[in-house]
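Read the structure below first, then the notes.
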Amino acid sequence: MWPGTFAAMAVFLLGRSRFLFTTRLYPSADPAANSILVAQAEHFTLLHGNYSREGFFHPGPAYLYLMAAGQWLFHDTTHLVPTPWNGQLIAILLLNSALVATVAWIAGGWAASAWAAVAVAAAVLGWAAALSLGIPAALNPEILASNWMPDVYVPTFLAFLVTGASVAAGRTAHLWLLATTGWLLIHGHVEFLFFVPLIVAAVAAGALWPARRAPWAAVRRFFRRRRSHWAAAAVVSAAFALPIAADLAWHWPGQFGAYLRYVRSPQAGHHPAGEAVRYLLWYWWPGPAWLGLLILASLAGAAVAVTVAVPVPATAGGLRRFLLSALGIVAVATAAMLFYAARGIDDLTARYIGFFYWSAPLLTVLVVVTGLTAAWPGRGIPRAVVAGALLLALGAGAWAPGLRADVHDSEPALAPALAALAARSPGRLLVLKVAPGTSFDADGLVAAAQRRGVHVCLSGPYFWVFAVTSQFICGPRQEASGAAYQLHRRPYRAAPGEPVIARLRYSALTGPEGARSGG
C-alpha cells in the first residue's frame with residue numbers, strides 16, 4: 001500500500017507541476033529567505049530553522065535540509081531542473097507524497113483493506129482540492145504543492161496525528177514514525193514545542209489505558225520486550241535533537257531566549273475566548289462561526305456514530321480502538337488549538353498561522369471514511385463508490401490551482417537586476433539599502449547573488465534584514481567600502497539624475513543620487 005500510494009501521489013503532483021523541469025524560477029519573499037538557508041544546509045552549516053516575523057528563527061533546519069537534498073539531487077547533480085528553487089519544490093512534493101502514503105498505509109493497515117487506503121488517499125486529495133477552490137487565493141492554501149512553511153506543516157501534522165492514533169491504539173512499531181513527524185514539526189515552527197509534547201502525552205495515555213490498573217508494569221514490559229520499537233524512536237529523536245542542541249549550546253540562550261521573551265511579552269495572545277473560538281471554527285468552515293460549529297458537530301457526530309455503530313470485520317482487529325484514538329487526538333489538538341489561539345497567537349487575522357489545524361477536521365473525515373470502507377469487505381458497491389470517489393478527487397485535483405506547485409513568488413526580473421548591479425560595480429561588494437516594504441525583493445537579490453558568487457549585503461532596520469542571517473547583513477566597514485544601491489517601495493518616482501536600475505515586484509532599485517545612468 002505504501003509504495004503504491006507514494007508513487008501515485010508523486011506522479012500526480014509532479015505531473016501537475018511538470019513545468020518545474022523546464023521553467024527557470026527565481027524566488028523572492030519567503031522562498032528566497034529559505035533559499036539562503038538552503039544554501040547553508042548544502043554545506044551542513046545550518047543549525048536553525050526558517051525565519052519568523054517575530055524576529056527570531058524557528059527551532060530546527062530539517063525541512064531546509066530536505067529542500068537542500070532536492071536542490072542538490074535535481075539541480076546541482078542531475079540537472080533535471082533549470083534552477084535551484086525547482087529542486088526544492090520537487091523535494092517538498094515528494095515529502096508530501098510520502099506523508100499521504102503513510103496516512104493511507106496506516107489507515108488501510110488497521111482496516112485490513114487496500115480499498116480503505118485508496119479511500120483515505122482520495123479523501124486527502126479531495127480535501128486539498130476543496131481548500132484550494134474554497135479559500136481566498138490570498139491565503140495560499142496549497143497544502144500539498146507549496147514550500148511556503150504554513151502549507152508544509154499541514155500534511156506533516158496530519159501524519160503526526162494519524163501515527164499518534166496508531167501508537168495509542170497499540171501499534172508501537174509506528175513509534176519511530178510518530179517521532180519523525182513530531183520532530184519535523186518542532187523543527188518547522190516554535191508553536192509545535194507546545195503541540196507535539198501535549199499530543200505525545202495523550203498518545204502515551206491512550207496506549208496505557210488498557211493497563212491503567214498497573215501502568216508502570218506495562219511500561220517496564222514495553223521497554224523490555226519491544227526494544228526495537230523504542231530504540232528506533234530514540235535514534236530518530238537523537239538525530240533531530242542534535243542541531244537544535246548544538247545551536248543552543250553555541251549561541252546560548254540562542255533562539256530559545258527569544259521564544260521566552262515572546263511568550264512573556266504582551267504580543268503573545270491574551271485574546272478573549274470568543275475570538276479564539278471564532279478563529280478555531282474558521283478551519284472547520286471559512287465563514288460564519290455558527291456554520292463552522294455546525295460542521296464541527298456534524299462531522300464529530302458522524303465519526304462517533306461510525307466508530308461505535310458500524311460493524312467491524314474480524315480481519316480488522318483493533319480498528320475501533322484506532323478510530324477512537326484518532327477522535328481522542330482530534331479532541332486534544334482542538335483544545336490545544338483553542339488555548340494557543342487565546343494565549344499564543346499575536347494576530348488572529350493571520351489565518352496562516354493555524355493552517356496545520358486543517359488536519360483536525362480532515363482526520364475526522366478520515367475516521368468516517370476508514371470505518372465505512374472497512375465495514376463492507378469484499379462487496380462490489382462500496383468498491384465502486386471508492387473508485388468513483390477517487391476519480392472525483394483526481395478530477396478536482398487536476399482542476400484545483402492548489403495542487404500545482406505554488407510559484408507565485410517567482411520574480412524573473414531578479415536575474416537581470418543582479419547582472420546589472422554586478423556590471424556596474426565589478427568585483428565590489430554590493431550594499432543594498434533596504435526600506436520598509438522592499439525586503440521581499442532584497443531577499444530575492446541575496447539568494448540570486450549567493451548562487452552566482454556575487455558579494456552582497458543588506459543594510460537597514462533589523463526587522464527588514466534579519467531573515468537573510470548575519471552572514472548577509474552589512475557591518476559599518478562594509479557599508480563604508482561597498483557600492484551602495486537603494487531599494488525604494490513601489491510606486492516610486494526617481495529624483496532627477498537618479499538612475500533606476502530595475503523595477504521589481506515590490507521595489508525600485510536605484511543607484512546613488514547624482515549618478516548618471518549612462519543610458
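Going through the C-alpha cells in order, the chains are called A, B, and so on, while each chain numbers its residues from 1 and the ligands are numbered from 1 in the order shown.
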(request) Within 8 Å of Val124 in chain A, counting only C-alpha atoms, which residues show up once you throw out same-chain ones fewer than 4 positions away? Write them as a PyMOL selection string, please. (result) chain A and resi 100+120+128+362
(message) Give me, as a PyMOL selection string, all polymer residues having an atom no more than 12 Å from range 316-318 of chain A, counting only C-alpha atoms and skipping those fewer than 3 positions away in the same chain.
(response) chain A and resi 107-114+116+165-171+307+311-313+321-325+370-371+373-377
Can I get the selection written as a tab-separated table (two decimals), in the first residue's frame, with N, CA, C and O atoms?
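And here's out-v3.tsv as it stands now:
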chain	number	residue	atom	x	y	z
A	107	ALA	N	-4.00	3.76	7.94
A	107	ALA	CA	-5.45	3.56	7.98
A	107	ALA	C	-5.83	2.25	7.30
A	107	ALA	O	-6.65	1.48	7.82
A	108	GLY	N	-5.25	1.99	6.13
A	108	GLY	CA	-5.53	0.74	5.44
A	108	GLY	C	-5.08	-0.48	6.21
A	108	GLY	O	-5.73	-1.53	6.17
A	109	GLY	N	-3.97	-0.35	6.94
A	109	GLY	CA	-3.49	-1.47	7.75
A	109	GLY	C	-4.43	-1.79	8.89
A	109	GLY	O	-4.71	-2.97	9.17
A	110	TRP	N	-4.95	-0.76	9.55
A	110	TRP	CA	-5.89	-1.01	10.64
A	110	TRP	C	-7.21	-1.58	10.10
A	110	TRP	O	-7.85	-2.40	10.75
A	111	ALA	N	-7.61	-1.14	8.92
A	111	ALA	CA	-8.85	-1.65	8.34
A	111	ALA	C	-8.66	-2.98	7.63
A	111	ALA	O	-9.64	-3.60	7.20
A	112	ALA	N	-7.40	-3.41	7.50
A	112	ALA	CA	-7.07	-4.64	6.77
A	112	ALA	C	-7.67	-4.60	5.37
A	112	ALA	O	-8.22	-5.59	4.88
A	113	SER	N	-7.54	-3.45	4.70
A	113	SER	CA	-8.19	-3.26	3.41
A	113	SER	C	-7.39	-2.28	2.57
A	113	SER	O	-7.19	-1.13	2.97
A	114	ALA	N	-6.96	-2.73	1.40
A	114	ALA	CA	-6.32	-1.81	0.47
A	114	ALA	C	-7.30	-0.76	-0.03
A	114	ALA	O	-6.91	0.37	-0.33
A	116	ALA	N	-9.54	0.68	1.76
A	116	ALA	CA	-9.57	1.74	2.76
A	116	ALA	C	-8.41	2.71	2.54
A	116	ALA	O	-8.56	3.93	2.68
A	165	ALA	N	-2.41	8.22	16.68
A	165	ALA	CA	-3.58	7.38	16.92
A	165	ALA	C	-3.21	5.90	16.82
A	165	ALA	O	-3.70	5.07	17.61
A	166	SER	N	-2.34	5.56	15.89
A	166	SER	CA	-1.92	4.17	15.74
A	166	SER	C	-1.13	3.68	16.95
A	166	SER	O	-1.36	2.57	17.45
A	167	VAL	N	-0.22	4.51	17.43
A	167	VAL	CA	0.55	4.13	18.62
A	167	VAL	C	-0.36	4.05	19.84
A	167	VAL	O	-0.26	3.12	20.65
A	168	ALA	N	-1.27	5.00	19.98
A	168	ALA	CA	-2.20	4.98	21.11
A	168	ALA	C	-3.08	3.73	21.09
A	168	ALA	O	-3.47	3.22	22.14
A	169	ALA	N	-3.36	3.23	19.88
A	169	ALA	CA	-4.19	2.03	19.76
A	169	ALA	C	-3.39	0.74	19.94
A	169	ALA	O	-3.98	-0.34	19.90
A	170	GLY	N	-2.07	0.86	20.12
A	170	GLY	CA	-1.29	-0.33	20.45
A	170	GLY	C	-0.20	-0.70	19.50
A	170	GLY	O	0.60	-1.59	19.81
A	171	ARG	N	-0.11	-0.09	18.33
A	171	ARG	CA	0.93	-0.46	17.37
A	171	ARG	C	2.17	0.40	17.61
A	171	ARG	O	2.44	1.38	16.93
A	307	THR	N	-17.77	5.02	14.35
A	307	THR	CA	-16.85	4.29	15.22
A	307	THR	C	-17.59	3.33	16.14
A	307	THR	O	-17.15	2.19	16.37
A	311	PRO	N	-20.40	-2.13	12.00
A	311	PRO	CA	-19.77	-3.42	12.32
A	311	PRO	C	-18.35	-3.50	11.78
A	311	PRO	O	-18.09	-3.10	10.64
A	312	VAL	N	-17.45	-3.98	12.60
A	312	VAL	CA	-16.04	-4.10	12.21
A	312	VAL	C	-15.76	-5.55	11.85
A	312	VAL	O	-16.05	-6.46	12.64
A	313	PRO	N	-15.20	-5.84	10.66
A	313	PRO	CA	-14.92	-7.23	10.29
A	313	PRO	C	-13.85	-7.85	11.17
A	313	PRO	O	-13.01	-7.13	11.74
A	321	ARG	N	-10.63	0.66	18.16
A	321	ARG	CA	-9.75	1.36	19.10
A	321	ARG	C	-8.92	2.42	18.37
A	321	ARG	O	-8.70	3.52	18.89
A	322	PHE	N	-8.47	2.11	17.16
A	322	PHE	CA	-7.72	3.09	16.37
A	322	PHE	C	-8.58	4.30	16.05
A	322	PHE	O	-8.13	5.45	16.18
A	323	LEU	N	-9.82	4.07	15.64
A	323	LEU	CA	-10.70	5.18	15.31
A	323	LEU	C	-11.02	6.03	16.53
A	323	LEU	O	-11.05	7.27	16.46
A	324	LEU	N	-11.26	5.37	17.67
A	324	LEU	CA	-11.50	6.12	18.90
A	324	LEU	C	-10.27	6.92	19.31
A	324	LEU	O	-10.38	8.06	19.78
A	325	SER	N	-9.09	6.32	19.13
A	325	SER	CA	-7.85	7.04	19.45
A	325	SER	C	-7.70	8.27	18.57
A	325	SER	O	-7.29	9.34	19.03
A	370	THR	N	-12.61	5.62	6.76
A	370	THR	CA	-11.98	4.33	7.09
A	370	THR	C	-13.00	3.36	7.67
A	370	THR	O	-13.03	2.18	7.29
A	371	GLY	N	-13.82	3.83	8.60
A	371	GLY	CA	-14.81	2.96	9.21
A	371	GLY	C	-15.82	2.42	8.22
A	371	GLY	O	-16.13	1.21	8.22
A	373	THR	N	-15.50	2.17	4.91
A	373	THR	CA	-14.87	1.31	3.92
A	373	THR	C	-14.56	-0.07	4.49
A	373	THR	O	-14.75	-1.09	3.81
A	374	ALA	N	-14.13	-0.11	5.73
A	374	ALA	CA	-13.80	-1.40	6.35
A	374	ALA	C	-15.04	-2.22	6.67
A	374	ALA	O	-14.95	-3.44	6.84
A	375	ALA	N	-16.20	-1.59	6.75
A	375	ALA	CA	-17.42	-2.30	7.17
A	375	ALA	C	-17.98	-3.21	6.09
A	375	ALA	O	-18.78	-4.09	6.37
A	376	TRP	N	-17.56	-3.01	4.85
A	376	TRP	CA	-18.10	-3.83	3.75
A	376	TRP	C	-16.98	-4.51	2.96
A	376	TRP	O	-16.79	-4.23	1.78
A	377	PRO	N	-16.24	-5.39	3.56
A	377	PRO	CA	-15.15	-6.05	2.83
A	377	PRO	C	-15.68	-6.97	1.74
A	377	PRO	O	-16.62	-7.73	1.95
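Residues in contact with Ala289 in chain A at 12 Å, where only C-alpha atoms are counted and same-chain residues fewer than 6 positions away are skipped, are listed as Gly274, Glu275, Ala276, Val277, Arg278, Tyr279, Leu280, Leu281, Trp282, Tyr283, Ile295 and Leu296 of chain A.
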(message) as a ChimeraX atom specification, please: the residues near range 216-228 of chain A (cut-off 12 Å, only C-alpha atoms, same-chain neighbours under 2 positions excluded).
(response) /A:170-176,204-205,207-214,230-235
(request) List the neighbours of Gly134 in chain A out to 12 Å using only C-alpha atoms; skip same-chain residues closer than 3 positions along the sequence, and give me the result as a VMD selection string. (result) chain A and resid 126 to 131 137 to 142 283 285 to 287 396 400 to 402
(request) Could you please write out, as a VMD selection string, every residue of range 285-504 of chain A that DSSP assigns to alpha helix (DSSP H)? (result) chain A and resid 289 to 309 319 to 343 359 to 374 380 to 399 414 to 424 439 to 452 462 to 465 476 to 481
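Using only C-alpha atoms, the nearest neighbour of Ala258 in chain A within the list A:Pro59, A:Val200, A:Ala104, A:Arg343 is A:Pro59.
Among A:Gly182, A:Pro27, A:Pro361, A:Gly328, the residue with the shortest atom-to-atom distance to Pro412 in chain A, counting only C-alpha atoms, is A:Pro27.
Of note, CA of His48 in chain A and CA of Ala69 in chain A are spaced 16.6 Å apart.
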(request) Identify, on the basis of only C-alpha atoms, every residue whose closest approach to Tyr63 in chain A does not exceed 12 Å; exclude the query and any residue fewer than 6 positions from it along the same chain; express the result as a ChimeraX atom specification. (result) /A:34-35,37-38,41,46-50,69-70,88-89,91-92,95-96,147-149,152-153,156,180-181,183-189,240
(request) From a DSSP pass on the backbone, collect the residues of range 338-490 of chain A flagged as strand (DSSP E or B) and hand them back as number ranges by chain. (result) A: 410, 430-433, 456-459, 473, 483-489
Please write the residues from the selection above to a file, keeping C-alpha atoms, as a compact mmCIF listing (two decimals), in the first residue's frame.
# COMPACT_ATOMS: atom_id res chain seq x y z
CA SER A 410 8.95 33.80 -8.66
CA LEU A 430 27.13 45.38 -3.30
CA VAL A 431 25.44 47.17 -0.38
CA LEU A 432 21.67 47.09 -0.78
CA LYS A 433 19.89 49.63 1.42
CA VAL A 456 26.22 41.37 -1.43
CA CYS A 457 24.94 42.52 1.95
CA LEU A 458 21.83 44.29 3.22
CA SER A 459 21.65 47.48 5.23
CA ILE A 473 23.86 41.88 7.00
CA ALA A 483 28.99 50.01 -3.74
CA ALA A 484 25.69 51.31 -2.34
CA TYR A 485 22.33 50.87 -4.02
CA GLN A 486 18.87 51.67 -2.71
CA LEU A 487 15.59 49.75 -2.77
CA HIS A 488 12.51 52.01 -2.73
CA ARG A 489 9.00 50.78 -2.17
